[in-house]
>>> print(open('entry_6.txt').read())   # compact mmCIF, C-alpha atoms
# COMPACT_ATOMS: atom_id res chain seq x y z
CA MET A 20 0.00 0.00 0.00
CA LYS A 21 1.57 3.27 -1.11
CA ARG A 22 1.29 6.24 1.24
CA LYS A 23 -0.42 9.32 -0.13
CA LYS A 24 2.02 12.19 -0.69
CA HIS A 25 1.47 15.47 1.11
CA TRP A 26 2.88 18.95 0.50
CA TYR A 27 5.28 18.49 3.41
CA ASP A 28 6.83 15.44 1.76
CA TYR A 29 8.60 17.86 -0.57
CA LEU A 30 10.26 20.02 2.09
CA TRP A 31 13.60 18.45 1.15
CA ILE A 32 13.55 20.89 -1.79
CA ALA A 33 13.48 23.82 0.66
CA SER A 34 16.36 22.32 2.66
CA GLY A 35 18.49 21.83 -0.44
CA LEU A 36 17.61 25.29 -1.73
CA TYR A 37 18.57 26.85 1.61
CA LEU A 38 22.13 25.54 1.35
CA VAL A 39 22.43 26.66 -2.28
CA LEU A 40 21.09 30.17 -1.59
CA GLY A 41 23.75 30.72 1.07
CA PHE A 42 26.38 30.52 -1.64
CA PHE A 43 24.79 33.47 -3.44
CA ASN A 44 23.83 35.63 -0.49
CA ILE A 45 24.73 34.72 3.06
CA LEU A 46 21.76 36.69 4.37
CA PHE A 47 19.47 33.83 3.29
CA ALA A 48 20.96 31.99 6.28
CA TRP A 49 18.47 33.86 8.47
CA LEU A 50 15.72 31.65 7.02
CA GLY A 51 17.26 28.76 8.95
CA ILE A 52 15.73 30.16 12.12
CA ILE A 53 12.48 28.57 10.91
CA CYS A 54 14.11 25.14 11.40
CA PHE A 55 15.00 26.11 14.98
CA ILE A 56 11.80 27.75 16.10
CA THR A 57 9.16 25.53 14.43
CA PRO A 58 10.18 22.23 16.13
CA LEU A 59 10.41 23.98 19.50
CA LEU A 60 6.99 25.59 19.10
CA ILE A 61 5.39 22.31 17.99
CA SER A 62 6.86 20.39 20.94
CA ILE A 63 6.00 23.11 23.47
CA ILE A 64 2.44 23.67 22.20
CA SER A 65 1.35 20.18 21.13
CA GLY A 66 3.83 18.02 23.08
CA THR A 67 4.85 16.02 20.02
CA LYS A 68 7.79 15.65 17.67
CA GLY A 69 5.57 16.63 14.76
CA TYR A 70 8.39 18.54 13.08
CA CYS A 71 10.72 15.50 13.02
CA ASN A 72 7.85 13.19 12.08
CA HIS A 73 6.50 15.22 9.16
CA TYR A 74 8.19 18.51 8.33
CA CYS A 75 11.95 17.99 8.60
CA GLY A 76 13.30 18.72 5.12
CA ARG A 77 16.82 17.76 6.10
CA GLY A 78 15.72 14.29 7.19
CA GLN A 79 13.83 13.90 3.92
CA LEU A 80 16.93 14.98 1.99
CA PHE A 81 19.06 12.33 3.72
CA GLU A 82 16.40 9.72 3.07
CA LEU A 83 16.25 10.66 -0.59
CA LEU A 84 20.03 10.60 -1.05
CA GLY A 85 20.55 7.51 1.06
CA ARG A 86 17.70 5.37 -0.20
CA ARG A 87 16.73 6.55 -3.66
CA PHE A 88 20.28 7.33 -4.77
CA ASN A 89 21.94 4.59 -2.72
CA PHE A 90 24.53 6.83 -1.07
CA SER A 91 24.15 4.97 2.21
CA ARG A 92 25.80 1.74 3.36
CA ASN A 93 22.66 1.00 5.40
CA ARG A 94 24.59 -0.26 8.42
CA ASP A 95 23.46 -0.06 12.02
CA ILE A 96 24.62 3.00 13.89
CA PRO A 97 27.14 2.19 16.68
CA TYR A 98 25.64 1.90 20.15
CA TRP A 99 27.57 4.85 21.60
CA MET A 100 26.05 7.17 19.00
CA ARG A 101 22.53 6.41 20.14
CA SER A 102 23.35 6.40 23.83
CA LYS A 103 21.83 9.15 25.99
CA TRP A 104 25.32 10.34 26.94
CA PHE A 105 26.26 11.06 23.38
CA ARG A 106 22.89 12.53 22.38
CA TYR A 107 22.65 14.91 25.33
CA GLY A 108 26.40 15.57 25.22
CA PHE A 109 26.17 16.59 21.58
CA LEU A 110 23.16 18.77 22.37
CA ALA A 111 25.16 20.51 25.13
CA PHE A 112 28.15 21.01 22.83
CA PHE A 113 25.86 22.31 20.08
CA MET A 114 24.21 24.78 22.45
CA ILE A 115 27.57 26.07 23.72
CA MET A 116 28.71 26.67 20.14
CA PHE A 117 25.37 28.29 19.32
CA PHE A 118 25.67 30.76 22.22
CA ASN A 119 29.30 31.36 21.26
CA MET A 120 28.02 32.36 17.82
CA LEU A 121 25.45 34.68 19.42
CA PHE A 122 28.23 36.23 21.52
CA SER A 123 30.31 36.91 18.38
CA THR A 124 27.25 38.59 16.87
CA TRP A 125 26.91 40.70 20.03
CA LEU A 126 30.58 41.75 19.83
CA VAL A 127 30.09 42.93 16.24
CA PHE A 128 26.84 44.70 17.23
CA SER A 129 28.59 46.56 20.08
CA GLY A 130 31.52 47.49 17.88
CA ALA A 131 34.08 45.51 19.89
CA LYS A 132 34.83 43.29 16.92
CA SER A 133 34.70 43.76 13.19
CA LEU A 134 32.78 41.56 10.79
CA ARG A 135 34.60 38.38 9.70
CA GLU A 136 33.41 37.11 6.34
CA VAL A 137 34.12 33.44 6.97
CA VAL A 138 32.04 30.28 7.21
CA THR A 139 33.40 27.98 9.92
CA LEU A 140 33.08 24.29 9.17
CA PHE A 141 33.10 21.71 12.00
CA TRP A 142 33.70 24.61 14.41
CA VAL A 143 37.36 24.74 13.37
CA PHE A 144 37.97 25.19 9.64
CA LYS A 145 37.47 28.75 8.40
CA LEU A 146 36.42 29.17 4.78
CA PRO A 147 36.74 32.66 3.27
CA TRP A 148 33.31 33.71 1.97
CA HIS A 149 33.94 37.09 0.35
CA TRP A 150 31.63 36.85 -2.62
CA ALA A 151 28.41 37.23 -0.67
CA SER A 152 26.69 40.58 -1.09
CA THR A 153 26.30 42.09 2.38
CA ALA A 154 26.74 45.84 1.90
CA THR A 155 23.09 46.72 2.41
CA VAL A 156 22.70 45.66 6.05
CA SER A 157 24.33 46.23 9.44
CA PRO A 158 27.48 44.17 10.11
CA TRP A 159 25.91 42.29 13.04
CA ILE A 160 23.10 41.01 10.79
CA THR A 161 25.72 39.64 8.41
CA GLN A 162 27.80 38.22 11.27
CA PHE A 163 24.80 36.29 12.57
CA ALA A 164 24.12 35.01 9.05
CA PHE A 165 27.70 33.72 8.73
CA GLY A 166 27.49 32.05 12.13
CA PHE A 167 24.11 30.50 11.48
CA TYR A 168 25.07 29.28 8.02
CA SER A 169 28.21 27.71 9.55
CA ILE A 170 26.03 25.76 11.97
CA MET A 171 23.59 24.67 9.26
CA LEU A 172 26.32 23.64 6.82
CA THR A 173 28.33 21.80 9.47
CA SER A 174 25.31 19.87 10.73
CA THR A 175 24.29 18.99 7.17
CA LEU A 176 27.79 17.71 6.43
CA LEU A 177 27.78 15.66 9.66
CA GLY A 178 24.40 14.26 8.62
CA LEU A 179 25.72 13.41 5.16
CA ILE A 180 28.75 11.61 6.63
CA THR A 181 26.62 9.49 8.98
CA MET A 182 24.10 8.95 6.17
CA ALA A 183 26.88 7.48 4.02
CA LEU A 184 28.40 5.38 6.83
CA TYR A 185 25.23 4.14 8.51
CA LYS A 186 21.49 4.39 7.75
CA PRO A 187 20.12 7.33 5.69
CA ARG A 188 18.55 9.18 8.61
CA SER A 189 21.25 8.44 11.19
CA TRP A 190 21.47 12.19 11.81
CA CYS A 191 17.99 12.00 13.39
CA VAL A 192 19.44 9.87 16.21
CA TYR A 193 21.76 12.62 17.49
CA CYS A 194 20.17 15.71 15.94
CA PRO A 195 20.29 18.38 18.69
CA MET A 196 16.85 19.70 17.76
CA GLY A 197 15.39 16.18 17.88
CA THR A 198 17.00 15.52 21.27
CA MET A 199 15.77 18.86 22.58
CA THR A 200 12.19 18.41 21.36
CA GLN A 201 12.06 14.86 22.76
CA GLY A 202 13.32 16.27 26.06
CA ILE A 203 10.54 18.88 26.01
CA CYS A 204 7.98 16.15 25.27
CA LYS A 205 9.29 14.09 28.20
CA VAL A 206 9.08 17.05 30.58
CA LYS A 207 5.58 17.91 29.33
CA TYR A 208 4.45 14.30 29.73
CA LYS A 209 5.81 14.15 33.29
CA ILE A 210 4.17 17.44 34.27
CA GLN A 211 0.80 16.36 32.83
CA ASN A 212 1.01 12.95 34.55
CA SER A 213 1.91 14.41 37.92
CA LYS A 214 -1.23 16.60 37.99
CA MET B 13 -1.51 -21.87 18.87
CA ARG B 14 -0.68 -19.41 16.08
CA VAL B 15 2.74 -17.76 16.07
CA LYS B 16 2.77 -14.18 14.86
CA LYS B 17 5.68 -11.97 13.90
CA LEU B 18 5.60 -8.56 15.51
CA ALA B 19 7.69 -5.38 15.57
CA VAL B 20 8.94 -4.43 19.02
CA VAL B 21 10.39 -1.04 19.87
CA SER B 22 12.94 -0.64 22.65
CA GLU B 23 12.90 2.33 25.03
CA GLU B 24 15.92 3.87 23.29
CA CYS B 25 13.59 5.04 20.51
CA VAL B 26 14.28 8.64 19.43
CA ALA B 27 10.73 9.13 18.06
CA CYS B 28 11.95 10.34 14.67
CA GLY B 29 8.91 8.85 12.93
CA CYS B 30 10.74 7.03 10.11
CA CYS B 31 9.03 3.76 11.01
CA GLN B 32 5.61 5.42 11.05
CA LYS B 33 6.08 6.62 7.48
CA GLU B 34 7.43 3.28 6.34
CA CYS B 35 4.76 0.99 7.81
CA PRO B 36 2.53 -0.21 4.94
CA LEU B 37 -0.37 -0.90 7.32
CA GLY B 38 -0.23 2.21 9.47
CA ALA B 39 0.43 0.06 12.53
CA ILE B 40 2.95 2.45 14.07
CA SER B 41 2.31 5.75 15.78
CA ILE B 42 4.53 8.07 17.79
CA TYR B 43 3.28 8.37 21.34
CA ARG B 44 3.45 12.02 22.47
CA GLY B 45 6.90 12.58 20.99
CA LEU B 46 8.38 9.97 23.30
CA TYR B 47 8.60 6.67 21.40
CA ALA B 48 7.03 4.59 18.66
CA VAL B 49 4.13 2.31 19.54
CA VAL B 50 3.18 -0.71 17.45
CA ASP B 51 -0.43 -1.84 17.18
CA PRO B 52 -0.11 -5.64 17.44
CA ASN B 53 -3.48 -6.13 15.75
CA LYS B 54 -2.29 -4.38 12.60
CA CYS B 55 1.40 -5.35 12.54
CA ILE B 56 2.29 -8.25 10.25
CA GLY B 57 5.99 -8.27 11.18
CA CYS B 58 7.15 -7.41 7.65
CA GLY B 59 10.28 -5.79 9.09
CA LYS B 60 10.25 -2.66 6.94
CA CYS B 61 10.28 -0.46 10.03
CA ALA B 62 13.24 -2.34 11.53
CA LYS B 63 15.15 -1.94 8.29
CA ILE B 64 14.66 1.82 8.09
CA CYS B 65 15.00 2.65 11.82
CA PRO B 66 18.10 4.90 12.09
CA ALA B 67 18.59 4.07 15.76
CA SER B 68 18.16 0.32 15.12
CA VAL B 69 15.81 -0.02 18.07
CA ILE B 70 13.12 -2.10 16.33
CA SER B 71 13.32 -5.85 16.27
CA ILE B 72 10.96 -8.44 14.85
CA VAL B 73 9.96 -11.06 17.37
CA GLU B 74 7.65 -14.04 17.33
CA ARG B 75 4.65 -13.88 19.62
CA LYS B 76 1.96 -16.41 20.38
CA GLY B 77 -1.32 -15.52 18.71
CA GLN B 78 -3.32 -15.38 21.96
CA ASN B 79 -1.62 -12.14 23.01
CA GLU B 80 -2.89 -10.05 20.14
CA LYS B 81 -4.44 -7.40 22.34
CA GLU B 82 -1.35 -6.74 24.37
CA LYS B 83 0.63 -3.65 23.48
CA ALA B 84 3.81 -4.38 21.58
CA LEU B 85 5.83 -1.72 23.30
CA VAL B 86 8.45 -3.19 25.60
>>> encode(input="entry_6.txt", output="structure tokens")
Amino acid sequence: MKRKKHWYDYLWIASGLYLVLGFFNILFAWLGIICFITPLLISIISGTKGYCNHYCGRGQLFELLGRRFNFSRNRDIPYWMRSKWFRYGFLAFFMIMFFNMLFSTWLVFSGAKSLREVVTLFWVFKLPWHWASTATVSPWITQFAFGFYSIMLTSTLLGLITMALYKPRSWCVYCPMGTMTQGICKVKYKIQNSK
Amino acid sequence: MRVKKLAVVSEECVACGCCQKECPLGAISIYRGLYAVVDPNKCIGCGKCAKICPASVISIVERKGQNEKEKALV
């Protein structure tokens, strides 16, 4: 029995487009906030992982590349990668790096630091990104865009690596947003059950 | 006594919903963003969910037919 396709089954196009648009104008990186806020809102309001279950374009992209195009070895993910220690540890690391990025944006906003036109991959490797048109906006807006795009590109590359090595949607196992929304659902469930 | 194959989800489930999409009979649902739940009355134990599960937390087990109403979640 074939499942009926919905509009949200094509959100992988938006995810792919997002990464491409960043190459032309880094300011498009701001759109990525949608992928941060929507899952949080869904989990806080409805107490479900509706975003992961239906609307995650990145997950769909990995599934498409891994299954349809056979870019995945389809092996089981190692146990340590699905352990709570690793999942919550990666979430903590991700949050620290996220707030570090916000702090850099603040420094540029306050004038303590000048804008650095680089995209940082895997939190270490700095790629010069001078072709992006950024003259029309304040430097802090551009700085945030560089930082946010770095996070989105790094996490996509990590997802692609684990997609190739293990199962297509292996990223979903340790995705910080997925871990966070599941955590919110757990807390919500406990609060509702204790009443 | 009839032996039935059934998908069983362990508590390490990350509730990503891949299995729910994959199940041809709609036997899997995600319970409140916590974990996947298999309806034993619908599940035929085809194993598609276990194959796709990125966390590899679904296994196909054999159950005696008399327990059809029991929940498959372990």
>>> residues_around(input="entry_6.txt", residues="Pro187 of chain A", least_positions_apart="6", cutoff="6 Å", atoms="only C-alpha atoms", output="PDB file with C-alpha atoms, in the frame of the given file")
ATOM      1  CA  PHE A  81      19.060  12.330   3.720  1.00  0.00           C
ATOM      2  CA  GLU A  82      16.400   9.720   3.070  1.00  0.00           C
ATOM      3  CA  GLY A  85      20.550   7.510   1.060  1.00  0.00           C
ATOM      4  CA  SER A  91      24.150   4.970   2.210  1.00  0.00           C
TER       5      SER A  91
END
>>> residues_around(input="entry_6.txt", residues="Gly38 of chain B", least_positions_apart="6", cutoff="9 Å", atoms="all atoms listed in the file", output="ChimeraX atom specification")
/B:32,51,54-55
>>> closest_residue(input="entry_6.txt", among="B:Cys35, B:Ile40, B:Cys30, B:Val49", to="Cys191 of chain A", atoms="all atoms listed in the file")
B:Cys30
>>> residues_around(input="entry_6.txt", residues="Gly45 of chain B", least_positions_apart="2", cutoff="8 Å", atoms="only C-alpha atoms", output="ChimeraX atom specification")
/A:62,66-69,200-201,204-205 /B:27,42-43,47
>>> residues_around(input="entry_6.txt", residues="Leu84 of chain A", least_positions_apart="6", cutoff="12 Å", atoms="only C-alpha atoms", output="PyMOL selection string")
chain A and resi 31+35+77-78+90-93+178-180+182-183+186-188
>>> interface_residues(input="entry_6.txt", of="chain B", to="chain A", cutoff="6 Å", atoms="all atoms listed in the file", output="MDAnalysis selection string")
chainID B and resid 28:29 36 44:45 66:67
>>> residues_around(input="entry_6.txt", residues="segment 57-62 of chain B", least_positions_apart="2", cutoff="7 Å", atoms="all atoms listed in the file", output="ChimeraX atom specification")
/B:17-19,31,34-35,55,64-65,68,70-72
>>> closest_residue(input="entry_6.txt", among="A:Ser133, A:Asn212, A:Ser34, A:Thr124", to="Tyr74 of chain A", atoms="only C-alpha atoms")
A:Ser34
>>> atom_distance(input="entry_6.txt", atom1="atom CA of Pro52 of chain B", atom2="atom CA of Ser22 of chain B")
14.9 Å
>>> atom_distance(input="entry_6.txt", atom1="atom CA of Gln211 of chain A", atom2="atom CA of Cys54 of chain A")
26.7 Å
>>> atom_distance(input="entry_6.txt", atom1="atom CA of Thr161 of chain A", atom2="atom CA of Met120 of chain A")
12.1 Å
